[in-house]
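Structure file coords.cif (mmCIF, C-alpha atoms) is printed below.
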data_start
loop_
_atom_site.label_atom_id
_atom_site.label_comp_id
_atom_site.auth_asym_id
_atom_site.auth_seq_id
_atom_site.Cartn_x
_atom_site.Cartn_y
_atom_site.Cartn_z
CA MET Z 1 -5.53 -23.75 7.33
CA ASP Z 2 -8.47 -21.42 7.88
CA ASP Z 3 -9.95 -20.03 4.64
CA PHE Z 4 -11.74 -16.84 3.65
CA VAL Z 5 -13.64 -17.13 0.36
CA PHE Z 6 -15.31 -14.08 -1.20
CA SER Z 7 -17.16 -12.92 -4.30
CA GLU Z 8 -17.64 -9.53 -5.93
CA GLU Z 9 -21.08 -9.39 -4.30
CA ASP Z 10 -19.28 -8.91 -0.99
CA TYR Z 11 -17.61 -5.66 -2.10
CA ILE Z 12 -18.57 -2.52 -0.17
CA PHE Z 13 -18.21 0.74 -2.09
CA ASN Z 14 -19.79 3.30 0.23
CA VAL Z 15 -18.29 3.80 3.66
CA ASP Z 16 -18.13 6.74 6.05
CA TRP Z 17 -15.62 7.96 8.61
CA GLN Z 18 -18.52 8.86 10.92
CA CYS Z 19 -20.29 5.51 10.71
CA GLN Z 20 -17.99 2.51 10.32
CA GLU Z 21 -19.43 -0.98 10.31
CA LYS Z 22 -17.79 -4.36 10.63
CA SER Z 23 -17.94 -6.67 7.61
CA GLU Z 24 -17.35 -10.40 7.60
CA PHE Z 25 -13.87 -9.79 6.24
CA SER Z 26 -12.95 -7.07 8.75
CA LEU Z 27 -14.00 -9.32 11.64
CA LYS Z 28 -11.98 -12.19 10.19
CA LEU Z 29 -8.84 -10.10 9.76
CA GLU Z 30 -9.05 -8.24 13.08
CA ASN Z 31 -9.81 -11.29 15.20
CA ALA Z 32 -7.02 -13.33 13.58
CA TRP Z 33 -4.48 -10.51 14.07
CA ILE Z 34 -5.48 -9.93 17.71
CA LEU Z 35 -5.13 -13.66 18.40
CA LYS Z 36 -1.59 -13.60 17.01
CA MET Z 37 -0.81 -10.61 19.23
CA LYS Z 38 -2.08 -12.48 22.30
CA LYS Z 39 0.13 -15.43 21.34
CA LYS Z 40 3.12 -13.05 21.12
CA CYS Z 41 3.90 -13.91 17.51
CA PHE Z 42 5.29 -10.40 16.82
CA ARG Z 43 8.82 -9.09 17.31
CA TYR Z 44 7.50 -6.35 19.58
CA GLU Z 45 4.23 -5.14 21.06
CA LEU Z 46 2.77 -2.34 18.97
CA ASN Z 47 2.56 0.71 21.19
CA ILE Z 48 2.34 3.96 19.23
CA THR Z 49 1.51 6.80 21.61
CA THR Z 50 3.18 9.69 19.81
CA SER Z 51 1.71 11.13 16.63
CA ARG Z 52 0.93 14.51 15.12
CA ILE Z 53 -0.22 16.24 11.96
CA LEU Z 54 2.57 18.45 10.64
CA GLU Z 55 1.63 22.09 10.29
CA GLY Z 56 1.01 23.05 6.67
CA GLU Z 57 -1.21 22.45 3.66
CA HIS Z 58 -0.53 18.77 3.00
CA GLY Z 59 -1.70 17.28 6.29
CA PHE Z 60 1.28 14.93 6.67
CA PHE Z 61 0.65 12.55 9.58
CA ALA Z 62 3.77 11.56 11.55
CA GLN Z 63 4.06 8.64 13.97
CA LEU Z 64 7.08 7.76 16.07
CA ASN Z 65 7.85 4.02 15.76
CA THR Z 66 11.40 3.23 16.84
CA ASP Z 67 10.64 -0.50 17.09
CA ARG Z 68 9.80 -0.66 13.38
CA ALA Z 69 13.04 1.15 12.54
CA PHE Z 70 15.42 -0.96 14.62
CA ASN Z 71 13.75 -4.32 15.46
CA ARG Z 72 12.55 -5.43 12.03
CA ARG Z 73 14.03 -8.19 9.86
CA MET Z 74 17.12 -7.07 7.95
CA PRO Z 75 16.12 -6.08 4.37
CA GLU Z 76 17.40 -8.16 1.47
CA LYS Z 77 20.06 -6.62 -0.77
CA ILE Z 78 18.27 -5.55 -3.97
CA SER Z 79 20.03 -4.25 -7.07
CA SER Z 80 17.37 -4.31 -9.82
CA VAL Z 81 13.62 -3.87 -10.28
CA ASN Z 82 13.73 -7.14 -12.25
CA GLN Z 83 15.84 -9.17 -9.83
CA PRO Z 84 14.87 -12.88 -10.02
CA PHE Z 85 13.51 -14.77 -7.03
CA SER Z 86 16.16 -16.72 -5.13
CA LEU Z 87 15.78 -19.55 -2.66
CA ASP Z 88 18.88 -18.31 -0.87
CA GLY Z 89 18.19 -16.20 2.18
CA PHE Z 90 14.74 -15.42 3.54
CA ASN Z 91 11.41 -15.80 1.73
CA PHE Z 92 7.91 -16.08 3.16
CA THR Z 93 7.71 -19.86 2.80
CA LYS Z 94 10.38 -19.89 5.54
CA ALA Z 95 8.28 -17.82 7.96
CA ASN Z 96 7.03 -19.42 11.14
CA GLU Z 97 3.66 -21.13 10.56
CA GLU Z 98 2.35 -19.26 13.60
CA GLU Z 99 2.49 -16.07 11.50
CA ILE Z 100 -0.12 -17.36 9.02
CA MET Z 101 -3.65 -16.00 9.59
CA PHE Z 102 -5.80 -17.50 6.78
CA SER Z 103 -5.97 -18.15 3.06
CA PHE Z 104 -7.78 -15.65 0.85
CA SER Z 105 -9.51 -16.69 -2.38
CA LYS Z 106 -12.18 -15.51 -4.77
CA CYS Z 107 -14.96 -18.09 -5.07
CA ASP Z 108 -14.74 -18.39 -8.87
CA CYS Z 109 -10.99 -19.09 -8.86
CA LEU Z 110 -10.30 -21.16 -5.76
CA ALA Z 111 -6.61 -21.95 -5.54
CA GLN Z 112 -5.13 -25.40 -5.11
CA ASN Z 113 -3.00 -26.20 -2.06
CA GLU Z 114 0.22 -25.34 -3.86
CA ASP Z 115 -1.17 -21.99 -5.03
CA LYS Z 116 -2.64 -20.40 -1.93
CA ASN Z 117 -3.09 -16.66 -1.38
CA ILE Z 118 -2.20 -16.07 2.26
CA PHE Z 119 -2.77 -13.36 4.85
CA MET Z 120 0.15 -13.37 7.29
CA ILE Z 121 0.93 -11.01 10.13
CA ASN Z 122 3.79 -8.57 9.62
CA VAL Z 123 5.93 -9.46 12.62
CA SER Z 124 7.32 -5.89 12.63
CA PRO Z 125 4.07 -3.88 12.48
CA HIS Z 126 3.90 -0.16 11.95
CA GLU Z 127 0.17 0.11 12.74
CA ARG Z 128 -2.83 -1.92 13.89
CA PHE Z 129 -3.68 -4.97 11.78
CA HIS Z 130 -0.50 -4.66 9.72
CA CYS Z 131 -0.49 -7.79 7.55
CA LEU Z 132 1.21 -9.20 4.49
CA LEU Z 133 -0.96 -10.37 1.61
CA LEU Z 134 0.98 -13.10 -0.20
CA PRO Z 135 -0.49 -14.01 -3.62
CA SER Z 136 0.29 -17.56 -4.74
CA LEU Z 137 2.71 -17.91 -1.85
CA TYR Z 138 4.12 -21.31 -2.79
CA LYS Z 139 4.85 -20.34 -6.41
CA CYS Z 140 7.75 -18.28 -5.03
CA LEU Z 141 7.20 -15.33 -7.37
CA PRO Z 142 9.57 -12.33 -7.34
CA GLN Z 143 8.41 -8.97 -6.03
CA ILE Z 144 6.93 -7.89 -9.38
CA LEU Z 145 3.27 -6.85 -9.32
CA ASN Z 146 0.92 -8.97 -11.44
CA LYS Z 147 -2.80 -8.68 -12.15
CA GLU Z 148 -3.84 -11.28 -9.59
CA ALA Z 149 -1.91 -9.58 -6.80
CA LEU Z 150 -3.30 -6.16 -7.68
CA ASN Z 151 -6.86 -7.53 -7.86
CA LEU Z 152 -6.45 -9.19 -4.47
CA GLY Z 153 -5.09 -5.99 -2.91
CA ILE Z 154 -7.98 -3.86 -4.16
CA SER Z 155 -10.45 -6.59 -3.19
CA SER Z 156 -9.14 -6.69 0.38
CA VAL Z 157 -9.97 -2.98 0.77
CA LEU Z 158 -13.39 -3.32 -0.89
CA LEU Z 159 -14.30 -6.23 1.41
CA ASN Z 160 -13.61 -4.24 4.55
CA GLY Z 161 -16.45 -2.19 6.01
CA SER Z 162 -13.89 0.02 7.75
CA VAL Z 163 -12.62 3.09 5.93
CA GLU Z 164 -9.35 2.68 7.85
CA GLN Z 165 -7.86 -0.22 5.88
CA ARG Z 166 -5.11 0.65 3.40
CA ALA Z 167 -2.98 -1.54 1.16
CA GLY Z 168 0.17 -1.02 -0.83
CA PHE Z 169 3.08 -2.43 -2.80
CA ASN Z 170 6.78 -1.53 -2.77
CA SER Z 171 8.69 -2.60 -5.87
CA LEU Z 172 12.24 -3.86 -5.76
CA CYS Z 173 14.49 -0.79 -5.43
CA GLY Z 174 11.39 0.95 -4.01
CA TYR Z 175 12.00 -0.21 -0.42
CA ALA Z 176 10.69 -3.74 -0.82
CA SER Z 177 12.65 -5.62 1.84
CA VAL Z 178 11.97 -9.18 0.60
CA ASN Z 179 12.09 -10.36 -3.03
CA HIS Z 180 8.97 -12.54 -2.73
CA LEU Z 181 5.63 -11.26 -4.03
CA HIS Z 182 3.72 -9.47 -1.25
CA LEU Z 183 1.53 -6.48 -0.49
CA HIS Z 184 1.12 -4.67 2.81
CA THR Z 185 -2.28 -4.01 4.40
CA TYR Z 186 -2.90 -2.09 7.62
CA TYR Z 187 -5.37 0.19 9.40
CA LEU Z 188 -4.85 3.94 9.83
CA ASN Z 189 -7.46 5.74 11.90
CA GLN Z 190 -6.74 9.12 10.37
CA PRO Z 191 -8.46 10.80 7.38
CA MET Z 192 -5.79 11.71 4.85
CA LYS Z 193 -5.55 14.39 2.18
CA LEU Z 194 -5.07 11.92 -0.68
CA GLU Z 195 -8.51 10.44 0.05
CA THR Z 196 -10.15 13.57 -1.37
CA ILE Z 197 -7.51 15.65 -3.18
CA VAL Z 198 -8.41 16.87 -6.68
CA VAL Z 199 -6.61 15.05 -9.48
CA LYS Z 200 -6.26 15.98 -13.15
CA HIS Z 201 -7.36 13.79 -16.06
CA LEU Z 202 -4.47 12.59 -18.22
CA ILE Z 203 -5.91 10.03 -20.65
CA GLY Z 204 -8.44 7.21 -20.50
CA ASN Z 205 -8.83 5.93 -16.93
CA CYS Z 206 -5.53 7.51 -15.89
CA PHE Z 207 -5.42 10.71 -13.83
CA VAL Z 208 -2.44 12.52 -12.33
CA LEU Z 209 -1.71 13.93 -8.89
CA GLU Z 210 0.31 17.10 -9.45
CA ASN Z 211 -0.70 19.49 -6.64
CA TYR Z 212 1.35 17.49 -4.16
CA PRO Z 213 5.10 17.04 -3.58
CA ALA Z 214 5.05 13.40 -4.76
CA LYS Z 215 3.50 13.48 -8.23
CA ALA Z 216 1.66 10.27 -9.15
CA PHE Z 217 -0.59 8.46 -11.60
CA VAL Z 218 -4.03 7.81 -10.12
CA PHE Z 219 -6.95 5.47 -10.84
CA GLN Z 220 -10.32 4.91 -9.20
CA VAL Z 221 -12.71 1.97 -8.87
CA THR Z 222 -16.31 3.06 -8.26
CA THR Z 223 -18.23 -0.11 -9.24
CA LYS Z 224 -17.44 -3.82 -9.30
CA GLY Z 225 -17.85 -3.79 -13.09
CA GLU Z 226 -14.84 -1.45 -13.41
CA LEU Z 227 -12.40 -3.51 -11.39
CA ASN Z 228 -10.92 -5.75 -14.09
CA GLU Z 229 -10.51 -2.86 -16.55
CA ILE Z 230 -8.72 -0.70 -13.96
CA VAL Z 231 -6.53 -3.62 -12.93
CA ASN Z 232 -5.55 -4.11 -16.58
CA ASP Z 233 -4.73 -0.42 -16.98
CA ILE Z 234 -2.59 -0.31 -13.83
CA TYR Z 235 -0.81 -3.49 -14.89
CA LEU Z 236 0.12 -1.84 -18.21
CA LEU Z 237 1.62 1.07 -16.27
CA VAL Z 238 3.54 -1.14 -13.86
CA ASN Z 239 4.79 -3.27 -16.75
CA LEU Z 240 6.08 -0.10 -18.45
CA PHE Z 241 8.05 0.69 -15.29
CA ILE Z 242 9.42 -2.85 -15.17
CA GLN Z 243 10.57 -2.64 -18.80
CA LYS Z 244 12.30 0.68 -18.10
CA ASN Z 245 13.72 -0.56 -14.76
CA VAL Z 246 11.92 2.26 -12.91
CA ALA Z 247 11.29 1.68 -9.20
CA HIS Z 248 7.70 2.31 -8.11
CA ASN Z 249 5.26 2.27 -5.22
CA LEU Z 250 1.50 1.71 -5.25
CA PHE Z 251 -1.02 2.66 -2.56
CA ILE Z 252 -4.69 1.64 -2.28
CA THR Z 253 -7.09 3.65 -0.11
CA ARG Z 254 -10.75 4.47 0.30
CA GLY Z 255 -11.48 7.81 -1.30
CA LEU Z 256 -13.95 10.24 -2.74
CA GLY Z 257 -14.78 9.88 -6.44
CA PHE Z 258 -12.73 12.19 -8.63
CA GLU Z 259 -15.72 14.25 -9.80
CA ARG Z 260 -17.10 14.65 -6.28
CA SER Z 261 -13.71 15.78 -5.00
CA LYS Z 262 -13.89 18.86 -7.22
CA GLY Z 263 -16.64 20.29 -5.00
CA SER Z 264 -15.65 22.53 -2.10
CA LYS Z 265 -17.92 20.85 0.48
CA GLU Z 266 -16.08 18.54 2.87
CA THR Z 267 -17.61 15.15 3.54
CA SER Z 268 -16.77 12.11 5.65
CA GLU Z 269 -18.20 9.81 2.96
CA ARG Z 270 -15.91 7.67 0.80
CA ASP Z 271 -17.48 6.16 -2.32
CA CYS Z 272 -14.60 4.62 -4.27
CA VAL Z 273 -11.17 3.07 -3.98
CA ARG Z 274 -8.28 5.21 -5.18
CA ILE Z 275 -5.04 3.67 -6.42
CA TYR Z 276 -1.92 5.85 -6.49
CA VAL Z 277 1.15 4.76 -8.48
CA TRP Z 278 4.46 6.58 -8.05
CA ALA Z 279 7.51 6.29 -10.29
CA ARG Z 280 10.42 7.00 -8.00
CA THR Z 281 14.19 7.14 -7.65
CA SER Z 282 15.67 3.75 -6.86
CA SER Z 283 16.35 3.13 -3.17
CA PHE Z 284 19.35 1.03 -4.23
CA GLY Z 285 22.37 3.11 -3.38
CA TYR Z 286 20.12 5.95 -2.12
CA LYS Z 287 21.33 7.76 0.98
CA THR Z 288 19.66 6.39 4.11
CA LEU Z 289 17.58 9.15 5.69
CA ASP Z 290 17.52 9.81 9.41
CA GLU Z 291 13.82 10.69 9.43
CA PHE Z 292 12.04 7.88 7.57
CA ASN Z 293 12.28 5.55 4.58
CA PRO Z 294 10.20 7.11 1.75
CA ALA Z 295 8.10 4.09 0.71
CA ILE Z 296 4.35 3.53 0.21
CA CYS Z 297 3.11 4.97 3.50
CA GLU Z 298 5.33 8.03 3.37
CA LEU Z 299 4.43 8.87 -0.23
CA PHE Z 300 0.78 8.72 0.87
CA GLY Z 301 1.56 11.19 3.67
CA HIS Z 302 1.76 8.71 6.56
CA LEU Z 303 5.24 9.14 8.01
CA ILE Z 304 6.74 6.33 10.10
CA VAL Z 305 9.53 8.18 11.90
CA LYS Z 306 12.63 6.39 13.18
CA THR Z 307 13.89 8.47 16.12
CA SER Z 308 12.54 10.87 18.75
CA LYS Z 309 14.89 13.61 17.56
CA ALA Z 310 13.74 13.31 13.95
CA TYR Z 311 10.11 13.24 15.06
CA GLU Z 312 10.44 16.45 17.09
CA GLU Z 313 12.32 18.29 14.35
CA LEU Z 314 10.30 17.13 11.33
CA THR Z 315 8.54 19.84 9.29
CA GLU Z 316 6.28 19.84 6.25
CA THR Z 317 8.99 21.63 4.28
CA ARG Z 318 11.47 18.83 4.96
CA VAL Z 319 8.97 16.07 4.11
CA ALA Z 320 7.93 17.82 0.89
CA GLU Z 321 11.58 18.19 -0.09
CA ILE Z 322 12.19 14.44 0.37
CA LEU Z 323 9.08 13.32 -1.50
CA TYR Z 324 9.73 15.74 -4.37
CA SER Z 325 13.36 14.70 -4.69
CA ILE Z 326 12.56 11.01 -5.23
CA THR Z 327 9.53 11.40 -7.53
CA HIS Z 328 9.83 14.54 -9.64
CA GLU Z 329 12.40 13.40 -12.19
CA PRO Z 330 11.03 9.82 -12.61
CA TYR Z 331 7.46 11.15 -12.99
CA SER Z 332 8.51 13.75 -15.56
CA SER Z 333 10.56 11.22 -17.53
CA VAL Z 334 7.71 8.72 -17.97
CA LYS Z 335 4.63 10.97 -18.23
CA GLU Z 336 4.63 11.21 -22.03
CA CYS Z 337 5.32 7.47 -22.30
CA VAL Z 338 2.26 6.86 -20.14
CA LYS Z 339 0.11 8.98 -22.43
CA ASP Z 340 1.35 7.01 -25.43
CA LEU Z 341 0.74 3.76 -23.56
CA TYR Z 342 -2.98 4.45 -23.15
CA LYS Z 343 -3.37 5.93 -26.63
CA ARG Z 344 -2.46 2.50 -27.94
#

Please re-express this file's structure in structure tokens.
Amino acid sequence: MDDFVFSEEDYIFNVDWQCQEKSEFSLKLENAWILKMKKKCFRYELNITTSRILEGEHGFFAQLNTDRAFNRRMPEKISSVNQPFSLDGFNFTKANEEEIMFSFSKCDCLAQNEDKNIFMINVSPHERFHCLLLPSLYKCLPQILNKEALNLGISSVLLNGSVEQRAGFNSLCGYASVNHLHLHTYYLNQPMKLETIVVKHLIGNCFVLENYPAKAFVFQVTTKGELNEIVNDIYLLVNLFIQKNVAHNLFITRGLGFERSKGSKETSERDCVRIYVWARTSSFGYKTLDEFNPAICELFGHLIVKTSKAYEELTETRVAEILYSITHEPYSSVKECVKDLYKR
């Protein structure tokens, strides 16, 4: 198996939409993904030609992707945020070996053969370079975020010289389709509002996104020395959600530092990584929507729309209504608990 080994010295903190450069990691990921596409390892050929920014203040970006909606693997039945891993049914150890791209390890904690972190193509992609990052694949861990997985997800973004790479995590009951620990990573060649939106300080390293339909808890990493502390803080938050059986989604993106974002001057520079964490209504038993499934991408404002009719009729008002309905009550119910969490 091909390996990619990195260190914190390889992290890139300052990138720019106007001047994107290839890093060793971005070349590795892109070339491996393109090779898999040439070998026809995917369920369909990615061909998104229809997209638009919805009129309004939030800059929601909609893409029509009917293949993703109807040709993907059937999601696993999930009934609890804490559902144990099961060998029954599908897990990623059962994926075709042709889907594996390379292993992914930090140089000071190289994994043994039975504990490999793997980059694998997502055979049902919603955008270019859509991959699955599988921490400790062969340990068969349930879809519950741990520190290692979070560190690897943030690291994958910091290693990429392109501002386009995003990463994210859907919890069980938060539209995770497989109960086997994984994160999504993909490219989106579209500047998004949540890269620069102003957030409000809550306590410690935790900020909140409140001037947006999907209220969230937000963290930033601006230097390599901050990474472990921020990972620990986010893990405390996620663990709180697990204990309370609250479904959640997490999104990692390049962004502008929180202080800089308070200025009125627009800039194409991005000097940090932002991590958004949403408490949300469980998708278990939730009415299936015609427009899109409100998971990590959609909460971020990137809407993967299922049908041509829904795409043509979609409005900012409708999107805002959906995002608000699944996040407002869970956010409000845990906000004070989060403040207490970081006081301790």

Per residue of region 196-218 of chain Z within 9 Å of region 316-329 of chain Z, which atom pair is closest and at what distance in Å (one decimal), using all atoms listed in the file, listed by chain and increasing number, as a Markdown table?
| residue | atom | partner | partner_atom | distance |
| --- | --- | --- | --- | --- |
| Z:Tyr212 | CA | Z:Ala320 | CA | 8.3 |
| Z:Pro213 | CA | Z:Tyr324 | CA | 4.9 |
| Z:Ala214 | CA | Z:Leu323 | CA | 5.2 |
| Z:Lys215 | CA | Z:Thr327 | CA | 6.4 |
| Z:Ala216 | CA | Z:Thr327 | CA | 8.1 |

Computed interatomic separation between CA of Asp3 (chain Z) and CA of Phe251 (chain Z) (Å)
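Separating CA of Asp3 (chain Z) from CA of Phe251 (chain Z) is a distance of 25.4 Å.
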
Mind telling me what the PyMOL selection byres ((chain Z and resi 303) around 10) catches here, as a VMD selection string?
chain Z and resid 51 to 53 60 to 65 291 to 302 304 to 306 311 319

Which one is closest to Phe104 (chain Z): Z:Tyr331, Z:Tyr11, Z:Phe207, Z:Phe6? Count all atoms listed in the file.
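So, comparing all the options, the nearest one is Z:Phe6.
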
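The residue that comes closest to Glu45 (chain Z), out of Z:Pro125, Z:Val199, Z:Leu172, Z:Lys265 and on the basis of only C-alpha atoms, is Z:Pro125.
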
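Evaluated on this file, the PyMOL selection byres ((chain Z and resi 134) around 9) matches Phe92, Lys116, Asn117, Ile118, Phe119, Met120, Leu132, Leu133, Pro135, Ser136, Leu137, Ala149, His180, Leu181, His182, Leu183 and His184 of chain Z.
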
Residues at most 12 Å from Glu9 (chain Z), counting all atoms listed in the file, excluding those fewer than 2 positions away in the same chain, as a VMD selection string?
chain Z and resid 5 to 7 11 to 13 106 to 108 155 158 to 159 223 to 225
